[in-house]
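Enquirer: File follows, query.tsv with TSV, C-alpha atoms:
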chain	number	residue	atom	x	y	z
H	1	MET	CA	39.37	13.41	0.84
H	2	GLY	CA	36.78	13.96	3.52
H	3	PRO	CA	36.70	11.98	6.73
H	4	GLY	CA	35.33	8.48	6.31
H	5	VAL	CA	35.77	8.50	2.52
H	6	PRO	CA	38.14	5.70	1.49
H	7	GLU	CA	41.05	6.74	-0.68
H	8	THR	CA	41.16	4.88	-3.98
H	9	THR	CA	44.28	3.26	-5.37
H	10	ARG	CA	44.19	5.82	-8.20
H	11	GLN	CA	44.19	8.69	-5.69
H	12	ARG	CA	47.08	7.11	-3.78
H	13	ILE	CA	49.02	6.74	-7.03
H	14	LEU	CA	48.43	10.37	-7.99
H	15	ASP	CA	49.32	11.55	-4.48
H	16	ALA	CA	52.55	9.52	-4.61
H	17	ALA	CA	53.42	11.01	-8.01
H	18	VAL	CA	52.88	14.53	-6.64
H	19	GLU	CA	55.06	13.77	-3.60
H	20	MET	CA	57.82	12.31	-5.75
H	21	THR	CA	57.67	15.24	-8.19
H	22	THR	CA	57.90	17.81	-5.42
H	23	GLU	CA	60.67	15.91	-3.64
H	24	ALA	CA	62.95	15.08	-6.55
H	25	GLY	CA	61.40	16.28	-9.83
H	26	TRP	CA	59.26	14.66	-12.49
H	27	ALA	CA	62.23	12.83	-14.03
H	28	SER	CA	62.53	10.81	-10.80
H	29	VAL	CA	58.95	9.53	-11.10
H	30	THR	CA	58.73	5.99	-12.42
H	31	MET	CA	55.87	3.54	-12.32
H	32	SER	CA	58.04	1.14	-10.27
H	33	ARG	CA	58.80	3.78	-7.65
H	34	ILE	CA	55.15	4.79	-7.45
H	35	ALA	CA	54.13	1.16	-7.03
H	36	GLU	CA	56.68	0.70	-4.27
H	37	ARG	CA	55.56	3.85	-2.45
H	38	CYS	CA	51.89	2.85	-2.69
H	39	GLY	CA	52.47	-0.79	-1.78
H	40	VAL	CA	50.95	-2.07	-5.03
H	41	SER	CA	52.32	-3.85	-8.08
H	42	ARG	CA	53.69	-1.97	-11.06
H	43	GLN	CA	50.93	-3.59	-13.13
H	44	THR	CA	48.32	-2.05	-10.81
H	45	VAL	CA	49.80	1.39	-11.49
H	46	TYR	CA	49.60	0.76	-15.24
H	47	ASN	CA	46.06	-0.64	-14.95
H	48	ASP	CA	44.78	2.33	-12.90
H	49	ILE	CA	46.69	5.11	-14.69
H	50	GLY	CA	48.47	3.97	-17.82
H	51	ALA	CA	51.97	4.98	-18.91
H	52	LYS	CA	53.84	8.07	-17.70
H	53	PRO	CA	52.24	10.50	-20.21
H	54	ALA	CA	48.80	9.41	-18.96
H	55	LEU	CA	50.02	9.95	-15.40
H	56	ALA	CA	51.13	13.48	-16.28
H	57	LYS	CA	47.77	14.24	-17.86
H	58	SER	CA	45.91	12.77	-14.86
H	59	LEU	CA	47.96	14.89	-12.45
H	60	ILE	CA	47.33	18.10	-14.36
H	61	LEU	CA	43.61	17.36	-14.82
H	62	ARG	CA	43.23	16.65	-11.10
H	63	GLU	CA	44.92	19.95	-10.28
H	64	LEU	CA	42.71	21.75	-12.80
H	65	GLU	CA	39.59	20.23	-11.25
H	66	GLN	CA	40.70	21.41	-7.82
H	67	PHE	CA	41.35	24.92	-9.13
H	68	LEU	CA	37.99	24.96	-10.95
H	69	ALA	CA	36.28	23.87	-7.73
H	70	VAL	CA	37.44	27.08	-6.03
H	71	VAL	CA	36.30	29.06	-9.09
H	72	SER	CA	32.88	27.38	-8.98
H	73	SER	CA	32.59	28.09	-5.29
H	74	ALA	CA	33.34	31.79	-5.84
H	75	PHE	CA	30.72	32.07	-8.57
H	76	ASP	CA	28.16	30.18	-6.48
H	77	GLU	CA	28.70	32.38	-3.41
H	78	GLU	CA	28.60	35.78	-5.11
H	79	ASP	CA	25.57	37.66	-6.42
H	80	ASP	CA	27.56	40.32	-8.26
H	81	PHE	CA	29.34	39.44	-11.51
H	82	LEU	CA	32.50	41.49	-10.92
H	83	ARG	CA	32.79	40.40	-7.30
H	84	ALA	CA	32.49	36.79	-8.48
H	85	ILE	CA	35.29	37.31	-11.01
H	86	ARG	CA	37.45	39.02	-8.42
H	87	GLN	CA	36.84	36.29	-5.82
H	88	ALA	CA	37.42	33.47	-8.33
H	89	THR	CA	40.67	35.09	-9.46
H	90	TYR	CA	41.81	35.62	-5.89
H	91	ALA	CA	40.95	32.03	-4.94
H	92	VAL	CA	42.96	30.61	-7.86
H	93	LEU	CA	45.99	32.82	-7.21
H	94	ASP	CA	45.89	32.18	-3.47
H	95	ARG	CA	45.70	28.42	-4.03
H	96	ALA	CA	48.53	28.60	-6.57
H	97	GLN	CA	50.87	30.19	-4.01
H	98	ASP	CA	50.82	27.02	-1.89
H	99	ASN	CA	50.51	24.41	-4.64
H	100	LYS	CA	53.58	22.18	-4.39
H	101	LEU	CA	53.06	20.46	-7.74
H	102	LEU	CA	52.67	23.75	-9.57
H	103	HIS	CA	55.83	25.08	-7.91
H	104	ALA	CA	57.71	21.93	-8.89
H	105	VAL	CA	56.59	22.29	-12.52
H	106	VAL	CA	57.34	26.01	-12.74
H	107	SER	CA	60.69	25.78	-10.96
H	108	ALA	CA	61.69	22.94	-13.29
H	109	THR	CA	61.59	25.39	-16.19
H	110	HIS	CA	64.90	26.71	-14.90
H	111	GLY	CA	66.47	23.25	-15.00
H	112	ALA	CA	66.31	20.24	-17.24
H	113	ASP	CA	63.20	18.57	-15.75
H	114	THR	CA	60.57	20.25	-17.93
H	115	GLU	CA	58.54	17.27	-19.12
H	116	LEU	CA	55.40	18.31	-17.18
H	117	LEU	CA	55.44	21.94	-18.33
H	118	PRO	CA	53.87	21.32	-21.77
H	119	TYR	CA	50.73	20.02	-20.04
H	120	LEU	CA	50.30	23.51	-18.57
H	121	THR	CA	51.44	25.46	-21.62
H	122	SER	CA	51.58	24.20	-25.22
H	123	HIS	CA	49.23	21.25	-24.58
H	124	SER	CA	46.86	23.49	-22.65
H	125	GLU	CA	44.24	23.96	-25.40
H	126	GLY	CA	42.06	21.30	-23.84
H	127	LEU	CA	42.60	22.69	-20.35
H	128	LEU	CA	41.79	26.21	-21.51
H	129	GLY	CA	38.67	25.00	-23.32
H	130	TYR	CA	37.52	23.05	-20.28
H	131	ALA	CA	38.05	26.03	-17.96
H	132	THR	CA	36.28	28.39	-20.37
H	133	GLU	CA	33.30	26.05	-20.67
H	134	ILE	CA	32.95	25.67	-16.89
H	135	ILE	CA	33.19	29.41	-16.26
H	136	HIS	CA	30.79	30.21	-19.12
H	137	GLU	CA	28.17	28.01	-17.43
H	138	HIS	CA	28.64	29.91	-14.17
H	139	ILE	CA	28.29	33.37	-15.66
H	140	ARG	CA	24.90	32.57	-17.20
H	141	LYS	CA	23.28	33.40	-13.85
H	142	PHE	CA	24.60	36.99	-13.96
H	143	GLU	CA	23.26	39.98	-15.82
H	144	HIS	CA	25.81	41.21	-18.34
H	145	SER	CA	25.81	42.72	-21.79
H	146	LEU	CA	28.02	40.15	-23.50
H	147	SER	CA	26.93	37.87	-26.31
H	148	ASP	CA	27.95	34.21	-25.96
H	149	GLU	CA	30.88	34.84	-28.32
H	150	GLN	CA	31.98	37.93	-26.40
H	151	ALA	CA	31.61	36.08	-23.09
H	152	ASP	CA	33.76	33.21	-24.36
H	153	ALA	CA	36.43	35.64	-25.62
H	154	THR	CA	36.40	37.55	-22.33
H	155	ILE	CA	36.60	34.36	-20.29
H	156	GLU	CA	39.40	32.93	-22.42
H	157	MET	CA	41.46	36.12	-22.20
H	158	THR	CA	40.82	36.37	-18.45
H	159	VAL	CA	41.79	32.73	-17.89
H	160	ARG	CA	44.97	33.29	-19.93
H	161	VAL	CA	45.88	36.34	-17.82
H	162	VAL	CA	45.17	34.47	-14.58
H	163	LEU	CA	47.30	31.51	-15.77
H	164	SER	CA	50.09	33.92	-16.60
H	165	HIS	CA	49.97	35.24	-13.04
H	166	VAL	CA	49.82	31.70	-11.68
H	167	MET	CA	53.01	30.85	-13.57
H	168	GLN	CA	54.79	34.17	-12.91
H	169	PRO	CA	53.15	36.21	-10.15
H	170	THR	CA	54.13	39.87	-10.09
H	171	LYS	CA	51.75	41.10	-7.38
H	172	SER	CA	49.83	39.66	-4.46
H	173	PRO	CA	46.69	37.62	-5.19
H	174	ASP	CA	44.60	40.53	-3.82
H	175	GLU	CA	46.22	43.11	-6.10
H	176	THR	CA	46.06	40.89	-9.17
H	177	ALA	CA	42.42	39.98	-8.49
H	178	ASP	CA	41.59	43.70	-8.22
H	179	ASP	CA	43.39	44.40	-11.52
H	180	ILE	CA	41.64	41.59	-13.37
H	181	ALA	CA	38.20	42.57	-12.02
H	182	TRP	CA	38.92	46.14	-13.16
H	183	LEU	CA	39.83	44.92	-16.66
H	184	VAL	CA	36.63	42.90	-16.93
H	185	SER	CA	34.63	45.91	-15.71
H	186	ARG	CA	36.05	47.90	-18.65
H	187	VAL	CA	34.96	45.16	-21.09
H	188	LEU	CA	31.44	45.16	-19.63
H	189	ARG	CA	31.11	48.93	-20.18
H	190	ALA	CA	32.12	48.77	-23.84
Could you write out this structure as structure tokens?

Expert:
Amino acid sequence: MGPGVPETTRQRILDAAVEMTTEAGWASVTMSRIAERCGVSRQTVYNDIGAKPALAKSLILRELEQFLAVVSSAFDEEDDFLRAIRQATYAVLDRAQDNKLLHAVVSATHGADTELLPYLTSHSEGLLGYATEIIHEHIRKFEHSLSDEQADATIEMTVRVVLSHVMQPTKSPDETADDIAWLVSRVLRA
């Protein structure tokens, strides 16, 4: 939130859920505990968010929106298609390194607290579609040789590779961004 912008009850609830998840795991998050932490009634939490599955979806969608904001910024700031892809990839991977919620979800895969993971993986069709749609709109401003179908396939595969590196990084954000930009450059030459 920017200075002078009041934080909504919904934002406070989501922030509390992130804090609780990073402190003690998703299993520790209850609507009663969130209400207590936020200084509101349990009914207010249910009215603003819904039940725990709706809370999980809201958390993941908020994170996705924040990640897509850095992607949008990269595409808006760059004039060159490949530089925009490289910068967007770097921005996502760099942000992922310090994302406490993401780390809590990924590290939970090694324990029993895996309830949030499906929202990033098996239930990710909607997230993937949303990300692909947003990125497709951004690439319209660039000259490239891809049809709409080819662009969607390239974006989807690129997003999947980036998500894989978000979940299990093997190189630095700089190195991975270079690799992904190189891969896309090969697709554009085909």

Enquirer: Specify the axis-aligned box that encloses all atoms of range 80-96 of chain H listed in the file after padding of 3 Å on each side, stating its centre and edge lengths in Å to one decimal as JSON.

Expert:
{"center_x": 38.0, "center_y": 35.0, "center_z": -7.5, "size_x": 27.0, "size_y": 19.1, "size_z": 14.0}

Enquirer: Using only C-alpha atoms, pick whichever of H:Asp94, H:Glu7, H:Glu36, H:Glu77 has the shortest atom-to-atom distance to Ala177 in chain H.

Expert: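 The closest residue to Ala177 in chain H is H:Asp94.
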
Enquirer: How far is it from CA of Ala88 in chain H to CA of Asp174 in chain H, in Å with one decimal?

Expert: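 Computing the Euclidean distance for CA of Ala88 in chain H and CA of Asp174 in chain H yields 11.0 Å.
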
Enquirer: So, counting all atoms listed in the file, which residue among H:Ala27, H:Ile134, H:Gln168, H:Leu101 is closest to Arg62 in chain H?

Expert: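 Residue with the minimum atom-to-atom distance to Arg62 in chain H: H:Leu101.
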
Enquirer: Have a look at H:Ser32, H:Leu61, H:Tyr130, H:Phe142 and name the one nearest to Glu78 in chain H; count all atoms listed in the file.

Expert: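 Looking at the shortest contact to Glu78 in chain H, the residue is H:Phe142.
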
Enquirer: Could you give me, as a list in words, the residues within 12 Å of Thr44 in chain H, counting all atoms listed in the file and dropping anything in the same chain fewer than 2 positions from it?

Expert: Thr9, Arg10, Arg12, Ile13, Met31, Ser32, Ile34, Ala35, Glu36, Cys38, Gly39, Val40, Ser41, Arg42, Tyr46, Asn47, Asp48, Ile49, Gly50 and Ala51 of chain H

Enquirer: Measuring atom to atom with all atoms listed in the file, identify which of H:Ala96, H:Ala104, H:Ile139, H:Ala91 is nearest to Asp79 in chain H.

Expert: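 Selected residue with least distance to Asp79 in chain H: H:Ile139.
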
Enquirer: Which one is closest to Gln11 in chain H: H:Ser72, H:Ser164, H:Arg189, H:Leu59? Count all atoms listed in the file.

Expert: H:Leu59
